[in-house]
$ cat upload_11.cif   # mmCIF, N, CA and C atoms
data_query
loop_
_atom_site.label_atom_id
_atom_site.label_comp_id
_atom_site.auth_asym_id
_atom_site.auth_seq_id
_atom_site.Cartn_x
_atom_site.Cartn_y
_atom_site.Cartn_z
N MET S 1 -16.97 0.07 11.62
CA MET S 1 -15.88 -0.82 12.00
C MET S 1 -14.59 -0.31 11.35
N ASN S 2 -13.55 -0.10 12.18
CA ASN S 2 -12.29 0.37 11.61
C ASN S 2 -11.50 -0.81 11.03
N LEU S 3 -10.39 -0.52 10.39
CA LEU S 3 -9.61 -1.56 9.72
C LEU S 3 -9.08 -2.61 10.68
N PHE S 4 -8.65 -2.17 11.87
CA PHE S 4 -8.10 -3.11 12.85
C PHE S 4 -9.16 -4.16 13.22
N ASP S 5 -10.37 -3.70 13.51
CA ASP S 5 -11.46 -4.61 13.86
C ASP S 5 -11.84 -5.50 12.68
N GLN S 6 -11.82 -4.94 11.48
CA GLN S 6 -12.14 -5.71 10.27
C GLN S 6 -11.13 -6.85 10.07
N VAL S 7 -9.84 -6.54 10.26
CA VAL S 7 -8.80 -7.55 10.09
C VAL S 7 -8.96 -8.64 11.15
N SER S 8 -9.26 -8.24 12.38
CA SER S 8 -9.46 -9.23 13.45
C SER S 8 -10.62 -10.17 13.13
N ALA S 9 -11.71 -9.62 12.62
CA ALA S 9 -12.86 -10.45 12.25
C ALA S 9 -12.51 -11.37 11.08
N ASP S 10 -11.73 -10.85 10.13
CA ASP S 10 -11.35 -11.66 8.97
C ASP S 10 -10.40 -12.79 9.34
N ILE S 11 -9.60 -12.58 10.39
CA ILE S 11 -8.71 -13.65 10.87
C ILE S 11 -9.55 -14.83 11.34
N LYS S 12 -10.61 -14.52 12.07
CA LYS S 12 -11.49 -15.59 12.56
C LYS S 12 -12.11 -16.36 11.40
N SER S 13 -12.59 -15.64 10.40
CA SER S 13 -13.22 -16.32 9.26
C SER S 13 -12.19 -17.12 8.45
N ALA S 14 -10.96 -16.63 8.35
CA ALA S 14 -9.91 -17.37 7.63
C ALA S 14 -9.54 -18.64 8.40
N MET S 15 -9.57 -18.56 9.74
CA MET S 15 -9.29 -19.75 10.54
C MET S 15 -10.37 -20.81 10.32
N LEU S 16 -11.62 -20.37 10.33
CA LEU S 16 -12.72 -21.30 10.12
C LEU S 16 -12.68 -21.92 8.73
N ALA S 17 -12.26 -21.14 7.75
CA ALA S 17 -12.19 -21.62 6.37
C ALA S 17 -10.92 -22.42 6.10
N LYS S 18 -10.00 -22.42 7.08
CA LYS S 18 -8.70 -23.10 6.95
C LYS S 18 -7.91 -22.61 5.73
N ASP S 19 -7.98 -21.29 5.50
CA ASP S 19 -7.27 -20.64 4.40
C ASP S 19 -5.93 -20.14 4.93
N LYS S 20 -4.89 -20.97 4.74
CA LYS S 20 -3.59 -20.70 5.36
C LYS S 20 -2.93 -19.42 4.85
N VAL S 21 -2.96 -19.20 3.54
CA VAL S 21 -2.30 -18.03 2.97
C VAL S 21 -2.98 -16.75 3.46
N ARG S 22 -4.30 -16.73 3.42
CA ARG S 22 -5.04 -15.56 3.88
C ARG S 22 -4.81 -15.33 5.37
N LEU S 23 -4.82 -16.40 6.15
CA LEU S 23 -4.61 -16.29 7.59
C LEU S 23 -3.23 -15.72 7.89
N GLU S 24 -2.22 -16.20 7.18
CA GLU S 24 -0.85 -15.72 7.40
C GLU S 24 -0.73 -14.23 7.07
N ALA S 25 -1.34 -13.82 5.96
CA ALA S 25 -1.30 -12.41 5.57
C ALA S 25 -2.03 -11.54 6.60
N LEU S 26 -3.18 -11.99 7.05
CA LEU S 26 -3.96 -11.22 8.02
C LEU S 26 -3.25 -11.12 9.36
N ARG S 27 -2.60 -12.19 9.77
CA ARG S 27 -1.83 -12.14 11.02
C ARG S 27 -0.67 -11.15 10.89
N GLY S 28 -0.05 -11.11 9.74
CA GLY S 28 1.02 -10.14 9.50
C GLY S 28 0.51 -8.71 9.58
N ILE S 29 -0.68 -8.48 9.01
CA ILE S 29 -1.29 -7.15 9.05
C ILE S 29 -1.58 -6.76 10.50
N LYS S 30 -2.17 -7.68 11.25
CA LYS S 30 -2.53 -7.38 12.64
C LYS S 30 -1.28 -7.09 13.46
N LYS S 31 -0.21 -7.84 13.22
CA LYS S 31 1.05 -7.61 13.92
C LYS S 31 1.56 -6.20 13.68
N GLU S 32 1.55 -5.78 12.41
CA GLU S 32 2.01 -4.43 12.07
C GLU S 32 1.12 -3.37 12.72
N PHE S 33 -0.19 -3.60 12.73
CA PHE S 33 -1.12 -2.65 13.34
C PHE S 33 -0.86 -2.53 14.84
N ILE S 34 -0.65 -3.66 15.51
CA ILE S 34 -0.39 -3.63 16.95
C ILE S 34 0.93 -2.92 17.24
N GLU S 35 1.94 -3.18 16.43
CA GLU S 35 3.23 -2.50 16.61
C GLU S 35 3.07 -1.00 16.44
N ALA S 36 2.26 -0.57 15.49
CA ALA S 36 2.04 0.86 15.27
C ALA S 36 1.28 1.47 16.44
N LYS S 37 0.33 0.73 16.99
CA LYS S 37 -0.46 1.22 18.12
C LYS S 37 0.40 1.39 19.38
N THR S 38 1.34 0.46 19.57
CA THR S 38 2.11 0.45 20.81
C THR S 38 3.50 1.06 20.67
N ALA S 39 3.79 1.63 19.51
CA ALA S 39 5.10 2.25 19.28
C ALA S 39 5.30 3.41 20.24
N LYS S 40 6.56 3.68 20.52
CA LYS S 40 6.88 4.79 21.42
C LYS S 40 6.35 6.10 20.84
N GLY S 41 5.61 6.82 21.64
CA GLY S 41 5.03 8.09 21.18
C GLY S 41 3.67 7.95 20.53
N ALA S 42 3.20 6.72 20.34
CA ALA S 42 1.89 6.52 19.73
C ALA S 42 0.79 6.75 20.77
N SER S 43 -0.38 7.14 20.30
CA SER S 43 -1.49 7.45 21.21
C SER S 43 -2.26 6.21 21.64
N GLY S 44 -1.98 5.06 21.07
CA GLY S 44 -2.72 3.85 21.40
C GLY S 44 -3.84 3.58 20.42
N ASP S 45 -4.14 4.54 19.58
CA ASP S 45 -5.16 4.37 18.54
C ASP S 45 -4.47 4.33 17.19
N LEU S 46 -5.13 3.69 16.25
CA LEU S 46 -4.60 3.61 14.89
C LEU S 46 -5.67 4.13 13.94
N SER S 47 -5.39 5.28 13.34
CA SER S 47 -6.36 5.85 12.39
C SER S 47 -6.36 5.02 11.11
N ASP S 48 -7.45 5.12 10.38
CA ASP S 48 -7.53 4.37 9.12
C ASP S 48 -6.50 4.88 8.11
N ASP S 49 -6.15 6.18 8.16
CA ASP S 49 -5.12 6.71 7.26
C ASP S 49 -3.77 6.06 7.54
N ALA S 50 -3.43 5.97 8.83
CA ALA S 50 -2.16 5.33 9.21
C ALA S 50 -2.18 3.86 8.82
N ALA S 51 -3.32 3.21 9.01
CA ALA S 51 -3.45 1.80 8.65
C ALA S 51 -3.28 1.61 7.14
N MET S 52 -3.82 2.53 6.35
CA MET S 52 -3.69 2.44 4.89
C MET S 52 -2.22 2.55 4.47
N LYS S 53 -1.49 3.44 5.12
CA LYS S 53 -0.06 3.59 4.81
C LYS S 53 0.68 2.30 5.13
N ILE S 54 0.35 1.68 6.26
CA ILE S 54 0.99 0.42 6.64
C ILE S 54 0.66 -0.65 5.61
N LEU S 55 -0.60 -0.74 5.21
CA LEU S 55 -1.01 -1.75 4.23
C LEU S 55 -0.31 -1.54 2.88
N ALA S 56 -0.20 -0.29 2.45
CA ALA S 56 0.46 -0.01 1.16
C ALA S 56 1.93 -0.44 1.23
N LYS S 57 2.56 -0.15 2.36
CA LYS S 57 3.97 -0.53 2.53
C LYS S 57 4.12 -2.05 2.53
N MET S 58 3.23 -2.74 3.22
CA MET S 58 3.30 -4.20 3.28
C MET S 58 3.09 -4.83 1.90
N ALA S 59 2.12 -4.31 1.15
CA ALA S 59 1.86 -4.85 -0.19
C ALA S 59 3.07 -4.65 -1.09
N LYS S 60 3.67 -3.47 -1.00
CA LYS S 60 4.85 -3.17 -1.81
C LYS S 60 6.01 -4.11 -1.44
N GLN S 61 6.19 -4.35 -0.15
CA GLN S 61 7.25 -5.27 0.30
C GLN S 61 7.03 -6.67 -0.25
N ARG S 62 5.78 -7.13 -0.21
CA ARG S 62 5.48 -8.48 -0.70
C ARG S 62 5.76 -8.59 -2.20
N ARG S 63 5.36 -7.57 -2.97
CA ARG S 63 5.61 -7.61 -4.42
C ARG S 63 7.11 -7.61 -4.72
N GLU S 64 7.87 -6.78 -3.99
CA GLU S 64 9.32 -6.72 -4.21
C GLU S 64 9.99 -8.04 -3.84
N THR S 65 9.55 -8.64 -2.75
CA THR S 65 10.10 -9.92 -2.33
C THR S 65 9.78 -11.00 -3.37
N ALA S 66 8.57 -10.99 -3.89
CA ALA S 66 8.18 -11.96 -4.92
C ALA S 66 9.06 -11.80 -6.16
N GLU S 67 9.36 -10.56 -6.50
CA GLU S 67 10.22 -10.29 -7.66
C GLU S 67 11.62 -10.89 -7.43
N ILE S 68 12.14 -10.72 -6.23
CA ILE S 68 13.46 -11.27 -5.91
C ILE S 68 13.43 -12.79 -5.98
N TYR S 69 12.38 -13.40 -5.41
CA TYR S 69 12.26 -14.86 -5.48
C TYR S 69 12.18 -15.34 -6.92
N ALA S 70 11.47 -14.62 -7.76
CA ALA S 70 11.34 -15.00 -9.17
C ALA S 70 12.71 -14.93 -9.86
N GLN S 71 13.50 -13.90 -9.54
CA GLN S 71 14.83 -13.77 -10.13
C GLN S 71 15.75 -14.90 -9.68
N GLN S 72 15.52 -15.39 -8.46
CA GLN S 72 16.36 -16.46 -7.92
C GLN S 72 15.80 -17.85 -8.26
N ASN S 73 14.83 -17.88 -9.16
CA ASN S 73 14.24 -19.13 -9.64
C ASN S 73 13.58 -19.92 -8.51
N ARG S 74 12.80 -19.22 -7.67
CA ARG S 74 12.05 -19.84 -6.57
C ARG S 74 10.57 -19.50 -6.74
N PRO S 75 9.93 -20.03 -7.78
CA PRO S 75 8.55 -19.65 -8.09
C PRO S 75 7.54 -19.98 -6.98
N GLU S 76 7.77 -21.05 -6.21
CA GLU S 76 6.83 -21.40 -5.15
C GLU S 76 6.80 -20.34 -4.05
N LEU S 77 7.95 -19.76 -3.73
CA LEU S 77 8.00 -18.70 -2.72
C LEU S 77 7.42 -17.40 -3.28
N ALA S 78 7.70 -17.13 -4.54
CA ALA S 78 7.17 -15.92 -5.18
C ALA S 78 5.64 -15.98 -5.23
N GLU S 79 5.11 -17.15 -5.50
CA GLU S 79 3.66 -17.33 -5.58
C GLU S 79 3.00 -17.03 -4.23
N THR S 80 3.62 -17.51 -3.14
CA THR S 80 3.09 -17.25 -1.80
C THR S 80 3.10 -15.77 -1.48
N GLU S 81 4.19 -15.10 -1.82
CA GLU S 81 4.29 -13.66 -1.55
C GLU S 81 3.24 -12.88 -2.34
N LEU S 82 3.04 -13.25 -3.60
CA LEU S 82 2.04 -12.58 -4.42
C LEU S 82 0.63 -12.82 -3.91
N ALA S 83 0.38 -14.02 -3.40
CA ALA S 83 -0.94 -14.33 -2.84
C ALA S 83 -1.19 -13.47 -1.59
N GLU S 84 -0.16 -13.33 -0.74
CA GLU S 84 -0.29 -12.48 0.45
C GLU S 84 -0.48 -11.02 0.04
N ALA S 85 0.23 -10.58 -0.98
CA ALA S 85 0.08 -9.20 -1.46
C ALA S 85 -1.35 -8.95 -1.94
N ALA S 86 -1.93 -9.94 -2.59
CA ALA S 86 -3.32 -9.81 -3.07
C ALA S 86 -4.29 -9.66 -1.90
N VAL S 87 -4.06 -10.41 -0.83
CA VAL S 87 -4.91 -10.31 0.36
C VAL S 87 -4.79 -8.91 0.97
N ILE S 88 -3.56 -8.43 1.09
CA ILE S 88 -3.31 -7.10 1.67
C ILE S 88 -3.95 -6.02 0.81
N GLU S 89 -3.79 -6.13 -0.51
CA GLU S 89 -4.33 -5.13 -1.42
C GLU S 89 -5.86 -5.11 -1.40
N GLY S 90 -6.47 -6.18 -0.94
CA GLY S 90 -7.92 -6.22 -0.81
C GLY S 90 -8.44 -5.19 0.18
N TYR S 91 -7.61 -4.73 1.08
CA TYR S 91 -8.01 -3.73 2.08
C TYR S 91 -7.68 -2.31 1.63
N LEU S 92 -6.94 -2.18 0.55
CA LEU S 92 -6.56 -0.86 0.04
C LEU S 92 -7.60 -0.38 -0.97
N PRO S 93 -7.76 0.94 -1.09
CA PRO S 93 -8.65 1.44 -2.14
C PRO S 93 -8.07 1.09 -3.51
N SER S 94 -8.93 0.96 -4.48
CA SER S 94 -8.43 0.59 -5.81
C SER S 94 -7.50 1.69 -6.33
N PRO S 95 -6.38 1.28 -6.93
CA PRO S 95 -5.43 2.27 -7.44
C PRO S 95 -6.01 3.08 -8.59
N LEU S 96 -5.51 4.29 -8.74
CA LEU S 96 -5.97 5.17 -9.82
C LEU S 96 -5.51 4.64 -11.17
N THR S 97 -6.32 4.82 -12.18
CA THR S 97 -5.91 4.46 -13.53
C THR S 97 -4.98 5.57 -14.03
N GLU S 98 -4.35 5.33 -15.15
CA GLU S 98 -3.43 6.31 -15.75
C GLU S 98 -4.13 7.64 -16.01
N GLU S 99 -5.36 7.57 -16.54
CA GLU S 99 -6.12 8.79 -16.86
C GLU S 99 -6.51 9.54 -15.59
N GLU S 100 -6.96 8.80 -14.56
CA GLU S 100 -7.35 9.43 -13.30
C GLU S 100 -6.15 10.09 -12.63
N LEU S 101 -5.00 9.40 -12.67
CA LEU S 101 -3.78 9.95 -12.08
C LEU S 101 -3.39 11.25 -12.78
N THR S 102 -3.44 11.25 -14.11
CA THR S 102 -3.10 12.45 -14.87
C THR S 102 -4.04 13.60 -14.52
N ALA S 103 -5.33 13.32 -14.43
CA ALA S 103 -6.31 14.36 -14.11
C ALA S 103 -6.06 14.93 -12.71
N GLU S 104 -5.81 14.06 -11.73
CA GLU S 104 -5.55 14.51 -10.35
C GLU S 104 -4.28 15.37 -10.30
N LEU S 105 -3.24 14.92 -10.99
CA LEU S 105 -1.98 15.67 -10.97
C LEU S 105 -2.11 17.02 -11.68
N LYS S 106 -2.91 17.09 -12.75
CA LYS S 106 -3.13 18.38 -13.42
C LYS S 106 -3.81 19.36 -12.48
N LYS S 107 -4.78 18.87 -11.68
CA LYS S 107 -5.44 19.72 -10.69
C LYS S 107 -4.44 20.23 -9.65
N ILE S 108 -3.60 19.33 -9.17
CA ILE S 108 -2.61 19.70 -8.14
C ILE S 108 -1.61 20.70 -8.70
N ILE S 109 -1.16 20.49 -9.92
CA ILE S 109 -0.21 21.42 -10.55
C ILE S 109 -0.85 22.80 -10.69
N ALA S 110 -2.13 22.84 -11.06
CA ALA S 110 -2.84 24.12 -11.18
C ALA S 110 -2.97 24.80 -9.82
N GLU S 111 -3.28 24.03 -8.77
CA GLU S 111 -3.40 24.58 -7.42
C GLU S 111 -2.09 25.19 -6.95
N VAL S 112 -1.01 24.44 -7.16
CA VAL S 112 0.32 24.89 -6.72
C VAL S 112 0.82 26.04 -7.58
N GLY S 113 0.41 26.06 -8.83
CA GLY S 113 0.85 27.09 -9.76
C GLY S 113 2.21 26.80 -10.37
N ALA S 114 2.58 25.53 -10.43
CA ALA S 114 3.87 25.13 -10.99
C ALA S 114 3.83 25.23 -12.51
N THR S 115 4.95 25.72 -13.05
CA THR S 115 5.02 25.86 -14.50
C THR S 115 6.25 25.20 -15.10
N SER S 116 7.23 24.84 -14.26
CA SER S 116 8.45 24.23 -14.79
C SER S 116 8.88 23.06 -13.91
N ALA S 117 9.84 22.31 -14.42
CA ALA S 117 10.35 21.14 -13.69
C ALA S 117 11.06 21.54 -12.41
N LYS S 118 11.47 22.80 -12.31
CA LYS S 118 12.14 23.27 -11.10
C LYS S 118 11.20 23.25 -9.89
N GLU S 119 9.91 23.30 -10.15
CA GLU S 119 8.92 23.33 -9.07
C GLU S 119 8.34 21.94 -8.78
N MET S 120 9.02 20.92 -9.24
CA MET S 120 8.54 19.55 -9.05
C MET S 120 8.43 19.19 -7.57
N GLY S 121 9.34 19.66 -6.75
CA GLY S 121 9.34 19.36 -5.32
C GLY S 121 8.06 19.81 -4.64
N ARG S 122 7.61 21.02 -4.98
CA ARG S 122 6.36 21.53 -4.39
C ARG S 122 5.17 20.67 -4.80
N VAL S 123 5.14 20.31 -6.07
CA VAL S 123 4.04 19.49 -6.58
C VAL S 123 4.06 18.11 -5.93
N MET S 124 5.24 17.51 -5.83
CA MET S 124 5.36 16.18 -5.25
C MET S 124 4.93 16.17 -3.78
N GLY S 125 5.23 17.22 -3.05
CA GLY S 125 4.83 17.29 -1.65
C GLY S 125 3.33 17.21 -1.48
N VAL S 126 2.62 17.98 -2.29
CA VAL S 126 1.16 18.00 -2.24
C VAL S 126 0.59 16.69 -2.80
N ALA S 127 1.14 16.24 -3.92
CA ALA S 127 0.62 15.04 -4.59
C ALA S 127 0.81 13.79 -3.73
N SER S 128 1.96 13.68 -3.07
CA SER S 128 2.23 12.50 -2.25
C SER S 128 1.21 12.37 -1.13
N LYS S 129 0.85 13.50 -0.53
CA LYS S 129 -0.14 13.47 0.55
C LYS S 129 -1.54 13.20 0.01
N ALA S 130 -1.88 13.86 -1.07
CA ALA S 130 -3.23 13.74 -1.63
C ALA S 130 -3.51 12.36 -2.23
N LEU S 131 -2.50 11.74 -2.79
CA LEU S 131 -2.70 10.47 -3.49
C LEU S 131 -2.14 9.27 -2.73
N ALA S 132 -1.84 9.44 -1.45
CA ALA S 132 -1.29 8.35 -0.65
C ALA S 132 -2.24 7.15 -0.66
N GLY S 133 -1.70 5.99 -0.97
CA GLY S 133 -2.50 4.77 -1.01
C GLY S 133 -3.27 4.57 -2.30
N LYS S 134 -3.39 5.62 -3.10
CA LYS S 134 -4.14 5.51 -4.35
C LYS S 134 -3.22 5.30 -5.54
N ALA S 135 -1.95 5.73 -5.39
CA ALA S 135 -0.99 5.58 -6.49
C ALA S 135 0.41 5.41 -5.90
N ASP S 136 1.24 4.70 -6.64
CA ASP S 136 2.62 4.46 -6.23
C ASP S 136 3.45 5.73 -6.40
N GLY S 137 4.36 5.97 -5.48
CA GLY S 137 5.20 7.17 -5.52
C GLY S 137 5.99 7.30 -6.82
N LYS S 138 6.48 6.16 -7.33
CA LYS S 138 7.25 6.19 -8.58
C LYS S 138 6.37 6.63 -9.75
N ALA S 139 5.14 6.14 -9.77
CA ALA S 139 4.21 6.50 -10.84
C ALA S 139 3.86 7.98 -10.77
N ILE S 140 3.65 8.48 -9.55
CA ILE S 140 3.35 9.90 -9.36
C ILE S 140 4.51 10.74 -9.85
N SER S 141 5.72 10.39 -9.44
CA SER S 141 6.91 11.15 -9.82
C SER S 141 7.11 11.18 -11.33
N ALA S 142 6.97 10.03 -11.97
CA ALA S 142 7.16 9.96 -13.42
C ALA S 142 6.12 10.82 -14.15
N LYS S 143 4.88 10.77 -13.69
CA LYS S 143 3.82 11.53 -14.35
C LYS S 143 4.00 13.03 -14.13
N VAL S 144 4.45 13.44 -12.92
CA VAL S 144 4.69 14.85 -12.65
C VAL S 144 5.81 15.37 -13.55
N LYS S 145 6.87 14.59 -13.69
CA LYS S 145 7.98 14.98 -14.58
C LYS S 145 7.47 15.19 -16.00
N GLU S 146 6.65 14.23 -16.45
CA GLU S 146 6.11 14.30 -17.80
C GLU S 146 5.24 15.55 -17.99
N LEU S 147 4.39 15.85 -17.00
CA LEU S 147 3.48 17.00 -17.11
C LEU S 147 4.20 18.34 -17.01
N LEU S 148 5.29 18.39 -16.25
CA LEU S 148 6.01 19.66 -16.09
C LEU S 148 7.07 19.88 -17.16
N ALA S 149 7.37 18.85 -17.92
CA ALA S 149 8.42 18.98 -18.95
C ALA S 149 7.94 19.84 -20.13
#
$ encode --input "upload_11.cif" --output "structure tokens"
Amino acid sequence: MNLFDQVSADIKSAMLAKDKVRLEALRGIKKEFIEAKTAKGASGDLSDDAAMKILAKMAKQRRETAEIYAQQNRPELAETELAEAAVIEGYLPSPLTEEELTAELKKIIAEVGATSAKEMGRVMGVASKALAGKADGKAISAKVKELLA
């Protein structure tokens, strides 16, 4: 079962359970998936890799929105956004720990043959593709800078 079918099945179970927050998050996911499937130039299929990128983007948006609501002293709205982000993150692979990220980046740096900070762009290109959905871009960038310094 691919992610699109999984989300559709989970929508039904959330409706039966009358779980409003989960249902709202799942409907948002399905909307994004359908838009990606029917976008101009799309093949009509949605690969799990493309779906993971969409989910990561949605989770990041929800966390950022919650942060803004918290700054504006709107905790009830921030709480809803964080709850939706948790539902979305449930479909993503678990993020890498600090140690795992360092180990993966050391392998990539060795593969690329980078020795100085000037070669950070080459490392980031490979790392961004290899670690997509497993680690945040900012975390990858900071760790690469640290390792190449």
$ atom_distance --input "upload_11.cif" --atom1 "atom N of S:Ala103" --atom2 "atom CA of S:Val87"
27.9 Å
$ select_by_dssp --input "upload_11.cif" --residues "chain S" --states "alpha helix (DSSP H)" --output "number ranges by chain"
S: 3-17, 20-38, 48-71, 75-89, 98-112, 120-130, 137-148
$ resolve_selection --input "upload_11.cif" --expression "the PyMOL selection byres ((chain S and resi 117) around 8)" --output "number ranges by chain"
S: 114-116, 118-121, 144-145, 147-149
$ resolve_selection --input "upload_11.cif" --expression "the PyMOL selection byres ((chain S and resi 50-55) around 8)" --output "list in words"
Leu3, Phe4, Ile29, Glu32, Phe33, Leu46, Ser47, Asp48, Asp49, Ala56, Lys57, Met58, Ala59, Lys60, Gln61, Ile88, Glu89, Tyr91, Leu92, Pro93, Ala132 and Gly133 of chain S
$ atom_distance --input "upload_11.cif" --atom1 "atom N of S:Ser8" --atom2 "atom N of S:Lys138"
29.0 Å
$ resolve_selection --input "upload_11.cif" --expression "the PyMOL selection byres (((chain S and resi 124 and name CA) around 10) and name CA)" --output "ChimeraX atom specification"
/S:105,108-109,119-123,125-130,137,140-141,144-145
$ atom_distance --input "upload_11.cif" --atom1 "atom CA of S:Arg62" --atom2 "atom CA of S:Ala86"
9.2 Å
$ residues_near_point --input "upload_11.cif" --point "(5.1, -13.7, -2.6)" --cutoff "8 Å" --atoms "only N, CA and C atoms" --output "JSON, numbers by chain"
{"S": [61, 62, 63, 64, 65, 66, 67, 69, 76, 77, 78, 79, 80, 81, 82, 83, 84, 85, 86]}
$ closest_residue --input "upload_11.cif" --among "S:Lys134, S:Glu104, S:Leu26, S:Gln71" --to "S:Asp5" --atoms "only C-alpha atoms"
S:Leu26
